[in-house]
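J.: File follows, structure_12.pdb with PDB, C-alpha atoms:
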MODEL        1
ATOM      1  CA  MET A   1     152.354 -57.949 118.536  1.00  0.00           C
ATOM      2  CA  LEU A   2     152.099 -61.710 118.896  1.00  0.00           C
ATOM      3  CA  GLU A   3     155.847 -62.283 118.583  1.00  0.00           C
ATOM      4  CA  ASN A   4     156.064 -60.876 122.118  1.00  0.00           C
ATOM      5  CA  TYR A   5     153.389 -63.179 123.571  1.00  0.00           C
ATOM      6  CA  SER A   6     154.297 -66.027 125.880  1.00  0.00           C
ATOM      7  CA  MET A   7     153.482 -69.581 124.869  1.00  0.00           C
ATOM      8  CA  GLN A   8     150.653 -69.607 127.402  1.00  0.00           C
ATOM      9  CA  GLU A   9     149.160 -66.423 125.919  1.00  0.00           C
ATOM     10  CA  LEU A  10     149.396 -67.893 122.413  1.00  0.00           C
ATOM     11  CA  GLN A  11     147.758 -71.132 123.476  1.00  0.00           C
ATOM     12  CA  GLU A  12     144.762 -69.155 124.713  1.00  0.00           C
ATOM     13  CA  LEU A  13     144.181 -67.894 121.157  1.00  0.00           C
ATOM     14  CA  GLY A  14     143.083 -71.311 119.892  1.00  0.00           C
ATOM     15  CA  GLY A  15     139.928 -71.102 117.820  1.00  0.00           C
ATOM     16  CA  ARG A  16     140.041 -67.306 117.531  1.00  0.00           C
ATOM     17  CA  GLU A  17     139.071 -65.804 114.214  1.00  0.00           C
ATOM     18  CA  VAL A  18     141.892 -64.488 112.016  1.00  0.00           C
ATOM     19  CA  VAL A  19     141.260 -61.499 109.742  1.00  0.00           C
ATOM     20  CA  ASP A  20     143.456 -60.163 106.957  1.00  0.00           C
ATOM     21  CA  ALA A  21     144.783 -56.656 106.308  1.00  0.00           C
ATOM     22  CA  ASN A  22     141.407 -55.747 104.745  1.00  0.00           C
ATOM     23  CA  GLY A  23     139.298 -57.147 107.587  1.00  0.00           C
ATOM     24  CA  LYS A  24     138.266 -60.324 105.705  1.00  0.00           C
ATOM     25  CA  SER A  25     138.071 -63.584 107.633  1.00  0.00           C
ATOM     26  CA  VAL A  26     140.786 -66.056 106.669  1.00  0.00           C
ATOM     27  CA  GLY A  27     140.141 -68.787 109.226  1.00  0.00           C
ATOM     28  CA  PHE A  28     140.879 -69.681 112.826  1.00  0.00           C
ATOM     29  CA  VAL A  29     143.970 -70.249 114.960  1.00  0.00           C
ATOM     30  CA  ASP A  30     144.720 -73.977 114.945  1.00  0.00           C
ATOM     31  CA  LEU A  31     148.321 -74.525 116.078  1.00  0.00           C
ATOM     32  CA  VAL A  32     151.410 -72.711 117.299  1.00  0.00           C
ATOM     33  CA  PHE A  33     154.740 -73.786 115.821  1.00  0.00           C
ATOM     34  CA  VAL A  34     157.778 -73.388 118.068  1.00  0.00           C
ATOM     35  CA  ASP A  35     161.483 -73.385 117.320  1.00  0.00           C
ATOM     36  CA  ASP A  36     162.513 -76.750 118.724  1.00  0.00           C
ATOM     37  CA  PRO A  37     166.030 -75.723 119.896  1.00  0.00           C
ATOM     38  CA  THR A  38     164.842 -72.581 121.733  1.00  0.00           C
ATOM     39  CA  GLY A  39     161.146 -73.213 122.400  1.00  0.00           C
ATOM     40  CA  ARG A  40     160.344 -69.779 120.949  1.00  0.00           C
ATOM     41  CA  PRO A  41     157.004 -69.545 119.075  1.00  0.00           C
ATOM     42  CA  GLU A  42     157.459 -68.390 115.486  1.00  0.00           C
ATOM     43  CA  TRP A  43     154.466 -69.479 113.346  1.00  0.00           C
ATOM     44  CA  LEU A  44     150.706 -69.788 113.713  1.00  0.00           C
ATOM     45  CA  GLY A  45     148.779 -72.512 111.970  1.00  0.00           C
ATOM     46  CA  ILE A  46     145.563 -71.131 110.485  1.00  0.00           C
ATOM     47  CA  TRP A  47     142.710 -73.432 109.529  1.00  0.00           C
ATOM     48  CA  SER A  48     140.387 -72.069 106.883  1.00  0.00           C
ATOM     49  CA  GLY A  49     136.910 -73.499 107.099  1.00  0.00           C
ATOM     50  CA  LEU A  50     135.538 -76.318 109.174  1.00  0.00           C
ATOM     51  CA  PRO A  51     137.877 -78.708 110.990  1.00  0.00           C
ATOM     52  CA  GLY A  52     138.967 -81.376 108.544  1.00  0.00           C
ATOM     53  CA  LYS A  53     138.097 -79.230 105.529  1.00  0.00           C
ATOM     54  CA  GLY A  54     139.825 -76.307 103.889  1.00  0.00           C
ATOM     55  CA  PRO A  55     143.519 -75.445 103.717  1.00  0.00           C
ATOM     56  CA  ARG A  56     145.725 -75.213 106.786  1.00  0.00           C
ATOM     57  CA  VAL A  57     148.425 -72.589 106.263  1.00  0.00           C
ATOM     58  CA  ILE A  58     151.305 -71.203 108.269  1.00  0.00           C
ATOM     59  CA  VAL A  59     151.607 -67.502 109.088  1.00  0.00           C
ATOM     60  CA  PRO A  60     154.597 -65.871 110.831  1.00  0.00           C
ATOM     61  CA  LEU A  61     153.907 -64.362 114.250  1.00  0.00           C
ATOM     62  CA  ARG A  62     155.809 -61.225 113.279  1.00  0.00           C
ATOM     63  CA  GLY A  63     153.434 -58.304 112.740  1.00  0.00           C
ATOM     64  CA  ILE A  64     150.262 -60.061 113.933  1.00  0.00           C
ATOM     65  CA  GLU A  65     148.059 -58.214 116.418  1.00  0.00           C
ATOM     66  CA  HIS A  66     145.405 -59.400 118.878  1.00  0.00           C
ATOM     67  CA  VAL A  67     142.791 -56.650 118.965  1.00  0.00           C
ATOM     68  CA  GLU A  68     139.276 -56.829 120.396  1.00  0.00           C
ATOM     69  CA  GLY A  69     139.205 -60.625 120.284  1.00  0.00           C
ATOM     70  CA  GLU A  70     140.417 -60.845 116.666  1.00  0.00           C
ATOM     71  CA  ILE A  71     143.776 -61.927 115.347  1.00  0.00           C
ATOM     72  CA  ARG A  72     144.767 -59.378 112.689  1.00  0.00           C
ATOM     73  CA  VAL A  73     147.447 -60.263 110.164  1.00  0.00           C
ATOM     74  CA  PRO A  74     149.222 -57.715 107.932  1.00  0.00           C
ATOM     75  CA  TRP A  75     148.712 -59.743 104.737  1.00  0.00           C
ATOM     76  CA  THR A  76     145.743 -60.166 102.392  1.00  0.00           C
ATOM     77  CA  LYS A  77     143.569 -63.267 102.312  1.00  0.00           C
ATOM     78  CA  ASP A  78     144.966 -64.133  98.869  1.00  0.00           C
ATOM     79  CA  ALA A  79     148.545 -63.998 100.169  1.00  0.00           C
ATOM     80  CA  ILE A  80     147.670 -66.151 103.173  1.00  0.00           C
ATOM     81  CA  MET A  81     145.716 -68.747 101.204  1.00  0.00           C
ATOM     82  CA  SER A  82     148.630 -69.114  98.747  1.00  0.00           C
ATOM     83  CA  ALA A  83     151.144 -69.584 101.581  1.00  0.00           C
ATOM     84  CA  PRO A  84     152.778 -72.909 102.385  1.00  0.00           C
ATOM     85  CA  SER A  85     150.385 -75.289 104.098  1.00  0.00           C
ATOM     86  CA  TYR A  86     150.744 -77.975 106.703  1.00  0.00           C
ATOM     87  CA  ASP A  87     148.866 -81.146 106.005  1.00  0.00           C
ATOM     88  CA  ASP A  88     149.206 -84.916 105.957  1.00  0.00           C
ATOM     89  CA  GLU A  89     152.693 -84.749 104.461  1.00  0.00           C
ATOM     90  CA  ASP A  90     153.840 -82.827 107.534  1.00  0.00           C
ATOM     91  CA  ASP A  91     152.385 -85.346 110.029  1.00  0.00           C
ATOM     92  CA  ARG A  92     155.626 -87.301 110.031  1.00  0.00           C
ATOM     93  CA  GLY A  93     156.649 -87.394 113.648  1.00  0.00           C
ATOM     94  CA  LEU A  94     160.185 -86.406 112.735  1.00  0.00           C
ATOM     95  CA  LEU A  95     160.772 -84.517 115.948  1.00  0.00           C
ATOM     96  CA  ARG A  96     161.286 -86.131 119.328  1.00  0.00           C
ATOM     97  CA  ASP A  97     159.985 -89.497 118.093  1.00  0.00           C
ATOM     98  CA  ASP A  98     156.441 -88.134 118.221  1.00  0.00           C
ATOM     99  CA  PRO A  99     154.272 -90.179 115.839  1.00  0.00           C
ATOM    100  CA  ASP A 100     151.535 -87.550 116.005  1.00  0.00           C
ATOM    101  CA  GLY A 101     153.882 -84.607 115.509  1.00  0.00           C
ATOM    102  CA  ILE A 102     153.545 -81.979 112.835  1.00  0.00           C
ATOM    103  CA  ALA A 103     156.771 -80.374 111.679  1.00  0.00           C
ATOM    104  CA  ILE A 104     157.672 -77.731 109.114  1.00  0.00           C
ATOM    105  CA  SER A 105     160.340 -79.061 106.758  1.00  0.00           C
ATOM    106  CA  PRO A 106     163.433 -76.915 106.074  1.00  0.00           C
ATOM    107  CA  GLU A 107     162.238 -76.445 102.471  1.00  0.00           C
ATOM    108  CA  LYS A 108     158.769 -75.312 103.585  1.00  0.00           C
ATOM    109  CA  GLU A 109     160.364 -73.020 106.177  1.00  0.00           C
ATOM    110  CA  ARG A 110     162.503 -71.287 103.505  1.00  0.00           C
ATOM    111  CA  THR A 111     159.534 -71.008 101.137  1.00  0.00           C
ATOM    112  CA  ALA A 112     157.322 -69.515 103.867  1.00  0.00           C
ATOM    113  CA  TYR A 113     159.885 -66.864 104.855  1.00  0.00           C
ATOM    114  CA  GLN A 114     160.287 -65.892 101.192  1.00  0.00           C
ATOM    115  CA  HIS A 115     156.519 -65.899 100.623  1.00  0.00           C
ATOM    116  CA  TYR A 116     155.852 -63.459 103.478  1.00  0.00           C
ATOM    117  CA  GLY A 117     159.064 -61.457 102.995  1.00  0.00           C
ATOM    118  CA  VAL A 118     160.125 -61.753 106.640  1.00  0.00           C
ATOM    119  CA  GLU A 119     163.284 -62.842 108.396  1.00  0.00           C
ATOM    120  CA  PRO A 120     163.318 -65.563 111.080  1.00  0.00           C
ATOM    121  CA  LEU A 121     162.876 -64.466 114.692  1.00  0.00           C
ATOM    122  CA  THR A 122     165.572 -67.016 115.536  1.00  0.00           C
ATOM    123  CA  GLU A 123     168.333 -68.223 113.244  1.00  0.00           C
ATOM    124  CA  ARG A 124     168.567 -71.871 112.255  1.00  0.00           C
ATOM    125  CA  PRO A 125     171.315 -73.537 114.314  1.00  0.00           C
ATOM    126  CA  GLU A 126     174.432 -74.247 112.307  1.00  0.00           C
ATOM    127  CA  GLY A 127     174.556 -77.847 111.140  1.00  0.00           C
ATOM    128  CA  MET A 128     170.865 -78.526 111.776  1.00  0.00           C
ATOM    129  CA  SER A 129     169.466 -80.372 108.770  1.00  0.00           C
ATOM    130  CA  GLY A 130     165.978 -81.536 109.769  1.00  0.00           C
ATOM    131  CA  PRO A 131     162.820 -79.686 110.729  1.00  0.00           C
ATOM    132  CA  ARG A 132     163.200 -77.214 113.560  1.00  0.00           C
ATOM    133  CA  PHE A 133     159.603 -76.047 113.985  1.00  0.00           C
ATOM    134  CA  ARG A 134     157.136 -78.379 115.656  1.00  0.00           C
ATOM    135  CA  ALA A 135     153.475 -77.853 116.361  1.00  0.00           C
ATOM    136  CA  VAL A 136     152.188 -77.383 119.856  1.00  0.00           C
ATOM    137  CA  LEU A 137     148.576 -78.354 120.237  1.00  0.00           C
ATOM    138  CA  ILE A 138     146.362 -75.729 121.725  1.00  0.00           C
ATOM    139  CA  GLU A 139     142.979 -76.030 123.333  1.00  0.00           C
ATOM    140  CA  ILE A 140     140.283 -74.804 121.011  1.00  0.00           C
ATOM    141  CA  ARG A 141     137.836 -72.655 122.880  1.00  0.00           C
ATOM    142  CA  THR A 142     134.228 -72.573 121.822  1.00  0.00           C
ATOM    143  CA  ILE A 143     131.834 -69.767 122.445  1.00  0.00           C
ATOM    144  CA  GLN A 144     128.514 -70.863 123.853  1.00  0.00           C
ATOM    145  CA  HIS A 145     125.596 -68.608 123.130  1.00  0.00           C
ATOM    146  CA  ARG A 146     122.961 -68.277 125.822  1.00  0.00           C
ATOM    147  CA  ARG A 147     119.394 -68.103 124.701  1.00  0.00           C
TER     148      ARG A 147
ENDMDL
END
What would you get if you wrote out this structure as structure tokens?
T.:
Amino acid sequence: MLENYSMQELQELGGREVVDANGKSVGFVDLVFVDDPTGRPEWLGIWSGLPGKGPRVIVPLRGIEHVEGEIRVPWTKDAIMSAPSYDDEDDRGLLRDDPDGIAISPEKERTAYQHYGVEPLTERPEGMSGPRFRAVLIEIRTIQHRR
């Protein structure tokens, strides 16, 4: 299960195909979101379609498997595509004065947990009011075909 992967192992999944509970492609691993206070990874950012096109949604790490080069999620494509997204509104640089940062707002965090029916891997620190999950860029690996 991906919730047990190290940050380095998760970063190596960039660009990997993500398939739903029925084996349908839902997109590719784009980002890893970490809990800012603890540094623990908790969400994957999935990009559906070509870079710059298609929705970018968040999926909890809990229950996701890496099997035979695929990332398998326990939800259907419909559930994933209707999940909270991260987009221009999230590129606010609210964390660590990072103008290029992507953060998940507290409202989006609550909505995403409810949407997927999962509990947080780490509890929100008492008194914390702003976003706690920030995106960590990962290197996208491309597969080169030899002819």
J.: Run the PyMOL selection byres ((chain A and resi 11) around 12) mentally over the shown coordinates, then write out the matched residues as a PDB file with C-alpha atoms, keeping the file's coordinate frame, using the chain letters and numbers from the document.
T.:
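The resulting file, result-v8.pdb, is shown below:
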ATOM      1  CA  LEU A   2     152.099 -61.710 118.896  1.00  0.00           C
ATOM      2  CA  TYR A   5     153.389 -63.179 123.571  1.00  0.00           C
ATOM      3  CA  SER A   6     154.297 -66.027 125.880  1.00  0.00           C
ATOM      4  CA  MET A   7     153.482 -69.581 124.869  1.00  0.00           C
ATOM      5  CA  GLN A   8     150.653 -69.607 127.402  1.00  0.00           C
ATOM      6  CA  GLU A   9     149.160 -66.423 125.919  1.00  0.00           C
ATOM      7  CA  LEU A  10     149.396 -67.893 122.413  1.00  0.00           C
ATOM      8  CA  GLU A  12     144.762 -69.155 124.713  1.00  0.00           C
ATOM      9  CA  LEU A  13     144.181 -67.894 121.157  1.00  0.00           C
ATOM     10  CA  GLY A  14     143.083 -71.311 119.892  1.00  0.00           C
ATOM     11  CA  GLY A  15     139.928 -71.102 117.820  1.00  0.00           C
ATOM     12  CA  ARG A  16     140.041 -67.306 117.531  1.00  0.00           C
ATOM     13  CA  VAL A  29     143.970 -70.249 114.960  1.00  0.00           C
ATOM     14  CA  ASP A  30     144.720 -73.977 114.945  1.00  0.00           C
ATOM     15  CA  LEU A  31     148.321 -74.525 116.078  1.00  0.00           C
ATOM     16  CA  VAL A  32     151.410 -72.711 117.299  1.00  0.00           C
ATOM     17  CA  PHE A  33     154.740 -73.786 115.821  1.00  0.00           C
ATOM     18  CA  VAL A  34     157.778 -73.388 118.068  1.00  0.00           C
ATOM     19  CA  PRO A  41     157.004 -69.545 119.075  1.00  0.00           C
ATOM     20  CA  LEU A  44     150.706 -69.788 113.713  1.00  0.00           C
ATOM     21  CA  GLY A  45     148.779 -72.512 111.970  1.00  0.00           C
ATOM     22  CA  ALA A 135     153.475 -77.853 116.361  1.00  0.00           C
ATOM     23  CA  VAL A 136     152.188 -77.383 119.856  1.00  0.00           C
ATOM     24  CA  LEU A 137     148.576 -78.354 120.237  1.00  0.00           C
ATOM     25  CA  ILE A 138     146.362 -75.729 121.725  1.00  0.00           C
ATOM     26  CA  GLU A 139     142.979 -76.030 123.333  1.00  0.00           C
ATOM     27  CA  ILE A 140     140.283 -74.804 121.011  1.00  0.00           C
ATOM     28  CA  ARG A 141     137.836 -72.655 122.880  1.00  0.00           C
TER      29      ARG A 141
END
J.: What's around A:Ile71 at 12 Å? Count only C-alpha atoms, leave out sequence neighbours fewer than 4 positions away in its own chain, and write the answer as a PyMOL selection string.
T.: chain A and resi 1-2+10+12-21+23-29+44+46+59+61+63-67+75
J.: Name the closest residue to A:Lys77 among the candidates A:Asn22, A:Glu119, A:Pro125, A:Arg134; distances are taken between atoms, counting only C-alpha atoms.
T.: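 Among the listed residues, the smallest separation from A:Lys77 belongs to A:Asn22.
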J.: How far is it from atom CA of A:Glu126 to atom CA of A:Ala83, in Å with one decimal?
T.: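 Calculated distance between atom CA of A:Glu126 and atom CA of A:Ala83 is 26.1 Å.
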J.: For the provided coordinates, the residues matched by the PyMOL selection byres ((chain A and resi 36) around 8) should be stated as JSON, numbers by chain.
T.: {"A": [34, 35, 37, 38, 39, 40, 132, 133, 134]}
J.: Would you compute, for all listed atoms of stretch 118-131 of chain A, the axis-aligned bounding box grown by 4 Å on each side, and then report its centre and edge lengths in Å rounded to one decimal, as JSON?
T.:
{"center_x": 167.3, "center_y": -71.6, "center_z": 111.1, "size_x": 22.4, "size_y": 27.8, "size_z": 16.9}
J.: Could you state the separation of atom CA of A:Pro60 and atom CA of A:Ala103 in Å, given to one decimal place?
T.: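 Separating atom CA of A:Pro60 from atom CA of A:Ala103 is a distance of 14.7 Å.
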J.: For atom CA of A:Thr122 and atom CA of A:Glu3, determine how far apart the two atoms are, in Å to one decimal place.
T.: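 For atom CA of A:Thr122 relative to atom CA of A:Glu3, the distance reads 11.2 Å.
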J.: Under the PyMOL selection byres ((chain A and resi 116) around 12), which residues of this model are included? Write them out as a list in words.
T.: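 Selected by the PyMOL selection byres ((chain A and resi 116) around 12) in this file: Trp43, Ile58, Val59, Pro60, Leu61, Arg62, Gly63, Val73, Pro74, Trp75, Thr76, Asp78, Ala79, Ile80, Met81, Ser82, Ala83, Pro84, Glu109, Arg110, Thr111, Ala112, Tyr113, Gln114, His115, Gly117, Val118, Glu119 and Pro120 of chain A.
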J.: Skip A:Arg56 itself and residues of its chain fewer than 3 positions away, then list as a PyMOL selection string all residues within 6 Å of it, counting all atoms listed in the file.
T.: chain A and resi 46-47+85-86
